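Novice: Contents are compact mmCIF, C-alpha atoms and all ligand atoms; file name start15.txt:
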# COMPACT_ATOMS: atom_id res chain seq x y z
CA MET O 1 -12.83 -47.15 55.86
CA GLY O 2 -11.60 -43.66 54.93
CA SER O 3 -12.03 -43.10 51.26
CA GLU O 4 -11.06 -39.59 50.23
CA LYS O 5 -11.63 -40.52 46.59
CA LYS O 6 -15.30 -41.05 47.41
CA GLY O 7 -15.87 -37.51 48.68
CA TRP O 8 -15.73 -37.93 52.45
CA ASP O 9 -13.05 -38.46 55.09
CA TYR O 10 -12.65 -39.57 58.72
CA SER O 11 -12.86 -36.03 60.07
CA GLN O 12 -16.54 -36.01 59.12
CA LEU O 13 -17.33 -38.96 61.39
CA ARG O 14 -18.16 -38.52 65.08
CA LYS O 15 -15.64 -40.25 67.35
CA TYR O 16 -16.81 -43.10 69.63
CA ASP O 17 -14.88 -45.53 71.82
CA ILE O 18 -16.52 -48.52 70.12
CA SER O 19 -14.94 -51.38 68.17
CA LEU O 20 -16.53 -51.50 64.73
CA GLU O 21 -15.99 -53.87 61.82
CA GLN O 22 -16.99 -53.07 58.24
CA ILE O 23 -20.41 -54.13 56.96
CA PRO O 24 -19.80 -56.12 53.74
CA ARG O 25 -20.43 -54.16 50.52
CA LEU O 26 -21.59 -56.51 47.76
CA ASP O 27 -22.86 -56.02 44.22
CA TYR O 28 -26.64 -56.59 43.96
CA GLN O 29 -26.02 -59.58 41.66
CA ASP O 30 -23.73 -61.34 44.15
CA PRO O 31 -25.52 -64.48 45.45
CA LYS O 32 -23.89 -63.85 48.84
CA VAL O 33 -26.36 -60.96 49.31
CA ASP O 34 -29.24 -63.43 49.57
CA GLU O 35 -27.23 -65.68 51.91
CA LEU O 36 -26.47 -62.82 54.33
CA MET O 37 -30.06 -61.58 54.25
CA ALA O 38 -31.36 -65.10 54.89
CA GLU O 39 -29.16 -65.13 58.02
CA ASN O 40 -30.60 -61.75 59.14
CA GLU O 41 -27.10 -60.27 58.65
CA PRO O 42 -26.67 -56.67 57.41
CA VAL O 43 -25.19 -56.05 53.98
CA VAL O 44 -24.66 -52.96 51.79
CA ILE O 45 -26.05 -53.76 48.34
CA THR O 46 -24.29 -51.72 45.63
CA GLY O 47 -25.14 -51.08 41.99
CA SER O 48 -28.90 -51.65 42.24
CA LYS O 49 -31.31 -49.28 40.53
CA LEU O 50 -33.77 -49.45 43.46
CA VAL O 51 -34.04 -45.64 43.79
CA LYS O 52 -32.22 -44.59 40.63
CA SER O 53 -35.30 -42.66 39.49
CA ALA O 54 -34.89 -40.49 42.61
CA GLU O 55 -31.26 -39.58 42.02
CA LYS O 56 -32.46 -36.29 40.56
CA TRP O 57 -34.26 -35.47 43.88
CA ASN O 58 -32.27 -32.40 44.85
CA LEU O 59 -33.90 -29.66 46.94
CA ASP O 60 -34.96 -27.55 43.94
CA TYR O 61 -36.59 -30.52 42.21
CA LEU O 62 -38.39 -31.54 45.42
CA GLU O 63 -39.54 -27.98 46.05
CA LYS O 64 -40.96 -27.87 42.54
CA HIS O 65 -42.64 -31.27 42.57
CA MET O 66 -43.39 -32.37 46.12
CA GLY O 67 -46.76 -30.65 46.17
CA ASN O 68 -48.23 -28.34 48.76
CA GLY O 69 -48.78 -30.93 51.49
CA ASP O 70 -47.63 -30.70 55.09
CA PHE O 71 -44.54 -32.72 55.94
CA THR O 72 -43.55 -34.04 59.35
CA VAL O 73 -40.39 -32.26 60.50
CA PHE O 74 -38.57 -32.84 63.79
CA ILE O 75 -36.77 -29.88 65.37
CA SER O 76 -33.89 -30.41 67.80
CA ARG O 77 -31.82 -27.99 69.86
CA ASN O 78 -28.85 -30.32 69.42
CA TYR O 79 -27.78 -32.76 66.73
CA LYS O 80 -29.75 -35.74 68.12
CA PHE O 81 -33.17 -36.85 66.93
CA LYS O 82 -34.11 -39.56 69.43
CA TYR O 83 -37.47 -41.09 68.51
CA TYR O 84 -40.31 -41.15 71.07
CA ASP O 85 -43.75 -42.73 70.98
CA GLU O 86 -46.30 -40.03 71.78
CA LYS O 87 -48.86 -42.68 72.80
CA LYS O 88 -46.65 -43.61 75.79
CA ILE O 89 -46.53 -40.05 77.15
CA LEU O 90 -48.88 -39.25 80.07
CA GLN O 91 -51.82 -37.54 78.43
CA LYS O 92 -54.98 -35.98 79.78
CA LEU O 93 -57.91 -37.72 78.06
CA PRO O 94 -61.11 -35.78 77.17
CA ASN O 95 -62.98 -37.17 80.21
CA ASN O 96 -60.23 -35.65 82.43
CA GLU O 97 -58.80 -39.13 83.04
CA THR O 98 -55.22 -39.85 82.02
CA ASN O 99 -53.80 -42.67 79.90
CA ARG O 100 -51.24 -45.00 81.49
CA GLY O 101 -48.35 -42.99 80.03
CA VAL O 102 -45.37 -41.53 81.86
CA GLU O 103 -44.31 -37.94 82.57
CA PHE O 104 -41.98 -37.13 79.70
CA THR O 105 -40.48 -34.04 78.04
CA PRO O 106 -39.89 -34.79 74.36
CA PRO O 107 -36.27 -34.03 73.31
CA THR O 108 -37.46 -32.78 69.91
CA LYS O 109 -40.49 -30.88 68.61
CA MET O 110 -42.58 -32.46 65.87
CA VAL O 111 -44.18 -29.93 63.51
CA GLU O 112 -45.99 -30.03 60.17
CA MET O 113 -44.20 -27.86 57.62
CA LYS O 114 -44.59 -27.00 53.95
CA LEU O 115 -41.61 -28.12 51.92
CA PRO O 116 -40.56 -24.61 50.73
CA GLU O 117 -40.33 -23.46 54.37
CA PHE O 118 -38.30 -26.54 55.32
CA ILE O 119 -35.89 -25.99 52.42
CA LYS O 120 -35.58 -22.27 53.21
CA ARG O 121 -34.65 -23.06 56.84
CA LEU O 122 -32.21 -25.73 55.64
CA LYS O 123 -30.46 -23.28 53.31
CA GLU O 124 -30.37 -20.46 55.89
CA TRP O 125 -29.21 -22.69 58.78
CA LYS O 126 -26.10 -21.63 60.66
CA ARG O 127 -24.23 -23.18 63.62
CA GLY O 128 -26.19 -22.73 66.83
CA ASP O 129 -29.57 -22.73 65.11
CA GLU O 130 -32.08 -25.47 65.83
CA ARG O 131 -31.61 -28.46 63.54
CA LEU O 132 -34.36 -29.94 61.37
CA TYR O 133 -35.04 -33.45 60.13
CA LEU O 134 -37.86 -34.14 57.66
CA GLN O 135 -39.24 -37.66 58.15
CA GLN O 136 -42.36 -38.23 56.09
CA GLY O 137 -44.13 -41.36 54.97
CA LEU O 138 -44.53 -41.06 51.19
CA ASN O 139 -48.21 -40.83 50.38
CA ASP O 140 -50.47 -39.62 47.59
CA THR O 141 -50.21 -35.94 48.57
CA VAL O 142 -46.99 -35.65 46.59
CA GLY O 143 -47.01 -34.15 43.10
CA PRO O 144 -47.36 -36.24 39.90
CA ALA O 145 -43.65 -36.04 39.01
CA ILE O 146 -42.73 -37.58 42.37
CA VAL O 147 -45.38 -40.27 41.90
CA ARG O 148 -43.84 -41.02 38.49
CA ASP O 149 -40.35 -41.26 40.02
CA PHE O 150 -41.73 -43.44 42.83
CA LEU O 151 -43.40 -45.78 40.34
CA LYS O 152 -40.05 -46.04 38.53
CA PHE O 153 -38.25 -47.40 41.62
CA ASP O 154 -36.89 -50.84 40.77
CA TRP O 155 -39.83 -52.65 42.40
CA ASP O 156 -38.78 -55.95 40.79
CA PHE O 157 -35.56 -55.71 42.81
CA CYS O 158 -37.16 -55.18 46.23
CA ASN O 159 -40.16 -57.39 45.49
CA SER O 160 -37.78 -60.26 44.64
CA ILE O 161 -35.99 -59.73 47.97
CA GLN O 162 -39.34 -59.64 49.80
CA LYS O 163 -40.32 -62.93 48.15
CA LYS O 164 -36.94 -64.68 48.53
CA GLN O 165 -36.72 -63.74 52.21
CA ASN O 166 -40.38 -64.53 52.80
CA TRP O 167 -41.02 -61.09 54.34
CA GLY O 168 -44.49 -59.74 55.04
CA PRO O 169 -46.00 -56.72 53.25
CA LEU O 170 -44.23 -53.40 52.61
CA THR O 171 -45.68 -51.12 55.30
CA SER O 172 -44.18 -47.76 54.31
CA ASN O 173 -41.55 -45.78 52.52
CA HIS O 174 -40.23 -42.87 54.55
CA LEU O 175 -38.57 -39.91 52.87
CA LEU O 176 -35.79 -38.64 55.14
CA ILE O 177 -34.14 -35.26 54.50
CA GLY O 178 -31.50 -34.57 57.13
CA MET O 179 -29.08 -31.76 57.80
CA GLU O 180 -25.34 -32.39 57.83
CA GLY O 181 -24.37 -33.76 61.26
CA ASN O 182 -27.86 -34.92 62.28
CA VAL O 183 -27.85 -38.14 64.34
CA THR O 184 -30.62 -40.68 64.83
CA PRO O 185 -29.44 -42.33 68.08
CA CYS O 186 -29.10 -46.07 68.52
CA HIS O 187 -32.37 -48.00 68.43
CA TYR O 188 -33.95 -51.07 66.88
CA ASP O 189 -37.14 -51.45 64.83
CA GLU O 190 -39.53 -54.37 64.61
CA GLN O 191 -39.51 -54.42 60.82
CA GLN O 192 -37.14 -55.46 58.06
CA ASN O 193 -35.61 -52.42 56.37
CA LEU O 194 -34.12 -51.70 52.97
CA PHE O 195 -32.44 -48.35 53.56
CA ALA O 196 -31.77 -46.63 50.21
CA GLN O 197 -29.40 -43.66 50.10
CA VAL O 198 -30.35 -41.03 47.53
CA GLN O 199 -28.24 -37.92 48.24
CA GLY O 200 -25.26 -37.27 50.47
CA TYR O 201 -23.31 -39.58 52.78
CA LYS O 202 -24.77 -41.30 55.85
CA ARG O 203 -22.80 -43.36 58.38
CA CYS O 204 -24.74 -46.35 59.70
CA ILE O 205 -23.48 -48.10 62.84
CA LEU O 206 -25.19 -51.45 63.49
CA PHE O 207 -25.21 -53.91 66.40
CA SER O 208 -26.61 -57.42 66.48
CA PRO O 209 -29.65 -58.12 68.69
CA ASP O 210 -27.26 -60.19 70.88
CA GLN O 211 -25.79 -56.85 72.09
CA PHE O 212 -29.12 -56.11 73.88
CA ASP O 213 -27.60 -56.29 77.38
CA ARG O 214 -24.81 -53.90 76.36
CA LEU O 215 -27.13 -51.23 74.90
CA TYR O 216 -29.63 -50.89 77.79
CA PRO O 217 -32.89 -50.03 75.97
CA HIS O 218 -35.46 -47.91 77.84
CA PRO O 219 -38.27 -50.01 79.38
CA VAL O 220 -41.01 -51.07 76.95
CA TYR O 221 -43.59 -48.77 78.63
CA HIS O 222 -41.31 -45.72 78.18
CA PRO O 223 -41.83 -43.30 75.23
CA HIS O 224 -38.20 -44.10 74.25
CA ASP O 225 -39.06 -47.82 73.99
CA ARG O 226 -36.59 -49.54 71.59
CA GLN O 227 -34.06 -46.71 71.99
CA SER O 228 -30.72 -47.24 73.78
CA MET O 229 -30.22 -45.27 77.03
CA VAL O 230 -26.47 -44.99 76.33
CA ASP O 231 -25.15 -41.64 75.08
CA PHE O 232 -22.47 -42.84 72.64
CA GLU O 233 -20.46 -39.61 72.93
CA ARG O 234 -20.46 -39.53 76.75
CA PRO O 235 -21.26 -43.13 77.89
CA ASP O 236 -22.01 -43.41 81.64
CA TYR O 237 -20.06 -46.61 82.32
CA SER O 238 -21.20 -46.62 85.98
CA LYS O 239 -24.85 -46.92 84.88
CA PHE O 240 -24.11 -48.95 81.72
CA PRO O 241 -20.95 -51.00 82.46
CA LYS O 242 -21.51 -53.62 79.76
CA PHE O 243 -21.42 -50.92 77.07
CA LYS O 244 -17.62 -51.14 77.40
CA ASP O 245 -17.75 -54.54 75.64
CA ILE O 246 -19.99 -53.42 72.78
CA LYS O 247 -19.14 -54.83 69.36
CA GLY O 248 -20.64 -53.50 66.14
CA CYS O 249 -20.18 -52.84 62.45
CA GLU O 250 -20.50 -49.78 60.29
CA THR O 251 -20.57 -48.41 56.77
CA VAL O 252 -20.72 -45.00 55.10
CA MET O 253 -23.60 -45.04 52.65
CA GLU O 254 -23.12 -43.37 49.29
CA PRO O 255 -25.86 -42.32 46.87
CA GLY O 256 -27.30 -45.48 45.28
CA ASP O 257 -26.25 -47.80 48.12
CA VAL O 258 -28.96 -49.92 49.76
CA LEU O 259 -28.31 -51.13 53.32
CA TYR O 260 -30.26 -54.12 54.63
CA ILE O 261 -31.00 -53.36 58.29
CA PRO O 262 -32.32 -56.67 59.67
CA ILE O 263 -35.30 -56.62 62.04
CA TYR O 264 -34.25 -56.10 65.71
CA TRP O 265 -30.74 -54.99 64.69
CA TRP O 266 -29.65 -51.86 66.54
CA HIS O 267 -28.64 -48.93 64.35
CA GLN O 268 -27.37 -45.39 64.81
CA VAL O 269 -27.47 -43.23 61.69
CA GLU O 270 -25.50 -40.01 61.15
CA SER O 271 -25.44 -37.55 58.28
CA LEU O 272 -21.73 -36.81 57.87
CA MET O 273 -20.56 -33.61 59.55
CA ARG O 274 -19.69 -30.75 57.20
CA GLY O 275 -21.35 -32.73 54.44
CA ASP O 276 -24.36 -31.64 52.44
CA HIS O 277 -27.92 -32.44 53.48
CA THR O 278 -28.80 -36.13 53.06
CA ILE O 279 -31.78 -37.77 51.41
CA THR O 280 -32.78 -41.36 52.15
CA ILE O 281 -35.82 -43.47 51.30
CA ASN O 282 -36.42 -46.48 53.51
CA PHE O 283 -38.58 -49.52 52.76
CA TRP O 284 -40.05 -51.05 55.96
CA TYR O 285 -41.48 -54.56 55.68
CA LYS O 286 -43.36 -56.60 58.26
CA ASN O 287 -41.39 -59.68 59.15
CA GLY O 288 -42.51 -62.95 57.61
CA PRO O 289 -43.74 -65.99 59.54
CA THR O 290 -41.07 -67.33 61.89
CA GLY O 291 -39.49 -70.36 60.19
CA PRO O 292 -38.78 -73.63 62.01
CA ILE O 293 -37.76 -72.79 65.59
CA THR O 294 -34.27 -74.05 66.44
CA TYR O 295 -32.85 -74.08 69.98
CA PRO O 296 -31.25 -72.23 71.57
CA LEU O 297 -33.46 -69.41 70.23
CA LYS O 298 -31.78 -66.82 67.99
CA SER O 299 -31.02 -63.51 69.75
CA HIS O 300 -33.71 -61.59 67.88
CA HIS O 301 -36.31 -64.13 69.01
CA LYS O 302 -35.09 -63.64 72.59
CA VAL O 303 -35.62 -59.87 72.22
CA ALA O 304 -39.21 -60.54 71.16
CA VAL O 305 -39.63 -62.89 74.17
CA MET O 306 -38.21 -60.26 76.57
CA ARG O 307 -40.58 -57.63 75.19
CA ASN O 308 -43.54 -59.94 75.75
CA VAL O 309 -42.43 -60.77 79.32
CA GLU O 310 -42.06 -57.04 80.10
CA LYS O 311 -45.50 -56.27 78.68
CA MET O 312 -47.12 -59.14 80.62
CA LEU O 313 -45.44 -58.15 83.89
CA LEU O 314 -46.53 -54.52 83.48
CA GLU O 315 -50.06 -55.70 82.72
CA VAL O 316 -50.32 -57.77 85.91
CA LEU O 317 -48.14 -55.73 88.29
CA HIS O 318 -49.25 -52.29 87.05
CA ASP O 319 -46.33 -50.56 88.80
CA PRO O 320 -42.94 -50.81 86.96
CA LYS O 321 -41.18 -50.56 90.35
CA GLU O 322 -42.61 -53.99 91.25
CA ILE O 323 -40.77 -55.68 88.36
CA PRO O 324 -37.15 -55.75 89.69
CA PRO O 325 -37.96 -57.37 93.09
CA LEU O 326 -40.20 -59.94 91.41
CA MET O 327 -37.58 -60.80 88.76
CA ARG O 328 -34.83 -60.99 91.40
CA ALA O 329 -36.96 -63.34 93.54
CA LEU O 330 -37.67 -65.45 90.47
CA VAL O 331 -34.04 -65.73 89.25
CA LEU O 332 -31.49 -65.09 92.00
CA GLY O 333 -30.39 -68.24 93.79
CA ARG O 334 -32.83 -70.29 91.71
CA TYR O 335 -31.70 -69.91 88.06
CA THR O 336 -28.27 -68.35 88.78
C1 LIG O 401 -37.40 -42.44 60.62
C2 LIG O 401 -36.30 -43.40 60.26
C3 LIG O 401 -34.92 -42.87 60.52
C4 LIG O 401 -33.84 -43.85 60.06
C5 LIG O 401 -32.46 -43.40 60.53
C6 LIG O 401 -31.97 -42.16 59.78
O1 LIG O 401 -31.86 -42.29 58.54
O2 LIG O 401 -31.76 -41.13 60.42
C7 LIG O 401 -34.09 -45.22 60.70
O3 LIG O 401 -33.85 -45.42 61.89
C8 LIG O 401 -34.67 -46.32 59.89
O4 LIG O 401 -34.79 -46.18 58.66
O5 LIG O 401 -35.03 -47.37 60.53
ZN ZN O 402 -34.64 -47.27 62.60
What is this file in structure tokens?
Specialist:
Amino acid sequence: MGSEKKGWDYSQLRKYDISLEQIPRLDYQDPKVDELMAENEPVVITGSKLVKSAEKWNLDYLEKHMGNGDFTVFISRNYKFKYYDEKKILQKLPNNETNRGVEFTPPTKMVEMKLPEFIKRLKEWKRGDERLYLQQGLNDTVGPAIVRDFLKFDWDFCNSIQKKQNWGPLTSNHLLIGMEGNVTPCHYDEQQNLFAQVQGYKRCILFSPDQFDRLYPHPVYHPHDRQSMVDFERPDYSKFPKFKDIKGCETVMEPGDVLYIPIYWWHQVESLMRGDHTITINFWYKNGPTGPITYPLKSHHKVAVMRNVEKMLLEVLHDPKEIPPLMRALVLGRYT
């Protein structure tokens, strides 16, 4: 996959003991793109003009035109930005009761920051400093120039995909400005995703939903729901033995590339080390109505079933510790 002529090389990729194939890279006019997407298979779509109007979005342009709004910035003491759901953290409610969350220390701080401050900290960053990752849903607080660029995205291109693949509505576009070396650890989302690279190089490592039992997601009630418990750089094979058999695929995104990340597909995303900052715009879509059910169920349907079983068991048992003995009694010696 190394491609010096394209401005990056292997030394900028973090090293993992994982077998990875290449995600196909196909021109946006290639009919095979639609076939792969229809099969919920990832594909890098090249040559589209989806975010061409944003190719001029360098830091100076953004500072000038992004407006004076507050942007959501995550701050990490290391290079990882593992997502957590605040609503699942034990919280004191106004009436001194608590929600049904869990004790949890967030691994990153989430702050609201003006863009000039974010850019200043990005430019002044040196090794050992806290890392920053701007992750902001694009909304109408941005300046008119950005709105103009946004309106000039190739909406015919993504709307035609949405229609062909029978997806639900576009729910959001997130602007992602990451520092070189930042990593979003392995997780899955419950939406279809067109992941459009605007500036810099981003490595995307993907795993099919059928790798669920090799990636050990946190329990559904945990703030790190949907996130893998496995630390790719130092996997604990005693706790996560099946991770040894993990099989995935990867690509290094270049400006202009659009990666289709299918719903429920695991992905880990890294801004190349010793690269420049990266800018990405993602397009999250609700999934469309499930087509005709065929048996055995597809792996992503089984993930949805497992999530529902977990939620139901938590609802009726209340205590997560009651789940393993009940599931063992239900399965062992009876279904095994
Ligand atoms: C907030 C979204 C982060 C992104 C990964 C990355 O670019 O670091 C991702 O996981 C996605 O687009 O689904
Ligand atoms: Zn994601």
Novice: Please identify the residues whose atoms come within 8 Å of ligand ZN 402 (chain O), using all atoms listed in the file, and report them as number ranges by chain.
Specialist: O: 187-189, 266-268
Novice: Using only C-alpha atoms and all ligand atoms, which residues have at least one atom no more than 6 Å from ligand LIG 401 (chain O)? Output them as a ChimeraX atom specification.
Specialist: /O:135,184,269,282
Novice: For Phe118 in chain O, which residue out of O:Thr72, O:Gln165, O:Ser228, O:Tyr84 is the nearest one, using all atoms listed in the file?
Specialist: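 Of the candidates, the smallest distance to Phe118 in chain O is held by O:Thr72.
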Novice: Box time for range 195-211 of chain O: axis-aligned, enclosing all its listed atoms, 8 Å extra on each side; report centre and edge lengths in Å to one decimal, as JSON.
Specialist:
{"center_x": -27.6, "center_y": -48.7, "center_z": 59.8, "size_x": 25.6, "size_y": 38.9, "size_z": 40.6}
Novice: Would you mind telling me which residue in O:Ile281, O:Cys249, O:Val220, O:Val142 lies nearest to Leu314 in chain O when using only C-alpha atoms?
Specialist: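 Once distances to Leu314 in chain O are computed over only C-alpha atoms, the minimum belongs to O:Val220.
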Novice: Grab the CA of Gly256 in chain O to CA of Gln192 in chain O distance for me, in Å with one decimal place.
Specialist: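 Rounded to one decimal, the two atoms are 19.0 Å apart.
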Novice: Just how far from CA of Phe240 in chain O is CA of Gln12 in chain O, in Å to one decimal?
Specialist: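 Computed distance, CA of Gln12 in chain O to CA of Phe240 in chain O, equals 27.1 Å.
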Novice: Using only C-alpha atoms for the distances, tell me which of O:Arg100, O:Arg274, O:His174, O:His222 is nearest to Trp8 in chain O.
Specialist: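 Among the listed residues, O:Arg274 lies closest to Trp8 in chain O.
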Novice: Smallest atom-to-atom distance to Gly137 in chain O: which of O:Ile263, O:Leu215, O:Ile177, O:Met306, using only C-alpha atoms?
Specialist: O:Ile177
Novice: Do you have, as a tab-separated table, the list of residues of range 166-234 of chain O lying at most 12 Å from range 307-311 of chain O, each with its nearest atom pair and that distance in Å to one decimal, counting only C-alpha atoms and ordered by chain then number?
Specialist:
residue	atom	partner	partner_atom	distance
O:Glu190	CA	O:Arg307	CA	11.1
O:Phe212	CA	O:Arg307	CA	11.6
O:Pro217	CA	O:Arg307	CA	10.8
O:His218	CA	O:Arg307	CA	11.3
O:Pro219	CA	O:Glu310	CA	8.0
O:Val220	CA	O:Arg307	CA	6.8
O:Tyr221	CA	O:Lys311	CA	7.7
O:His222	CA	O:Lys311	CA	11.4
O:Asp225	CA	O:Arg307	CA	10.0
O:Arg226	CA	O:Arg307	CA	9.7
Novice: Which value, in Å to one decimal, gives the distance between CA of Trp284 in chain O and CA of Phe195 in chain O?
Specialist: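 We find that CA of Trp284 in chain O and CA of Phe195 in chain O lie 8.4 Å from each other.
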Novice: Taking 2 positions as the minimum chain separation for residues in the same chain, which residues sit within 8 Å of Leu20 in chain O when counting all atoms listed in the file? Answer as JSON, numbers by chain.
Specialist: {"O": [18, 22, 205, 247, 248, 249, 250]}
Novice: Hey, which of O:Glu322, O:Glu233, O:Asp17, O:Asp34 ends up closest to Asn166 in chain O? Count all atoms listed in the file.
Specialist: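 Looking only at the distances to Asn166 in chain O, the closest residue turns out to be O:Asp34.
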Novice: Find the spatial neighbours of Lys6 in chain O, counting only C-alpha atoms, within a cut-off of 12 Å - ignore same-chain residues fewer than 6 positions away - and output them as a PyMOL selection string.
Specialist: chain O and resi 200-201+252-255
Novice: Quick one: write out the picked residues with C-alpha atoms as a PDB file, keeping the file's coordinate frame?
Specialist:
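Output saved as again-v3.pdb:
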ATOM      1  CA  GLY O 200     -25.260 -37.270  50.470  1.00  0.00           C
ATOM      2  CA  TYR O 201     -23.310 -39.580  52.780  1.00  0.00           C
ATOM      3  CA  VAL O 252     -20.720 -45.000  55.100  1.00  0.00           C
ATOM      4  CA  MET O 253     -23.600 -45.040  52.650  1.00  0.00           C
ATOM      5  CA  GLU O 254     -23.120 -43.370  49.290  1.00  0.00           C
ATOM      6  CA  PRO O 255     -25.860 -42.320  46.870  1.00  0.00           C
TER       7      PRO O 255
END
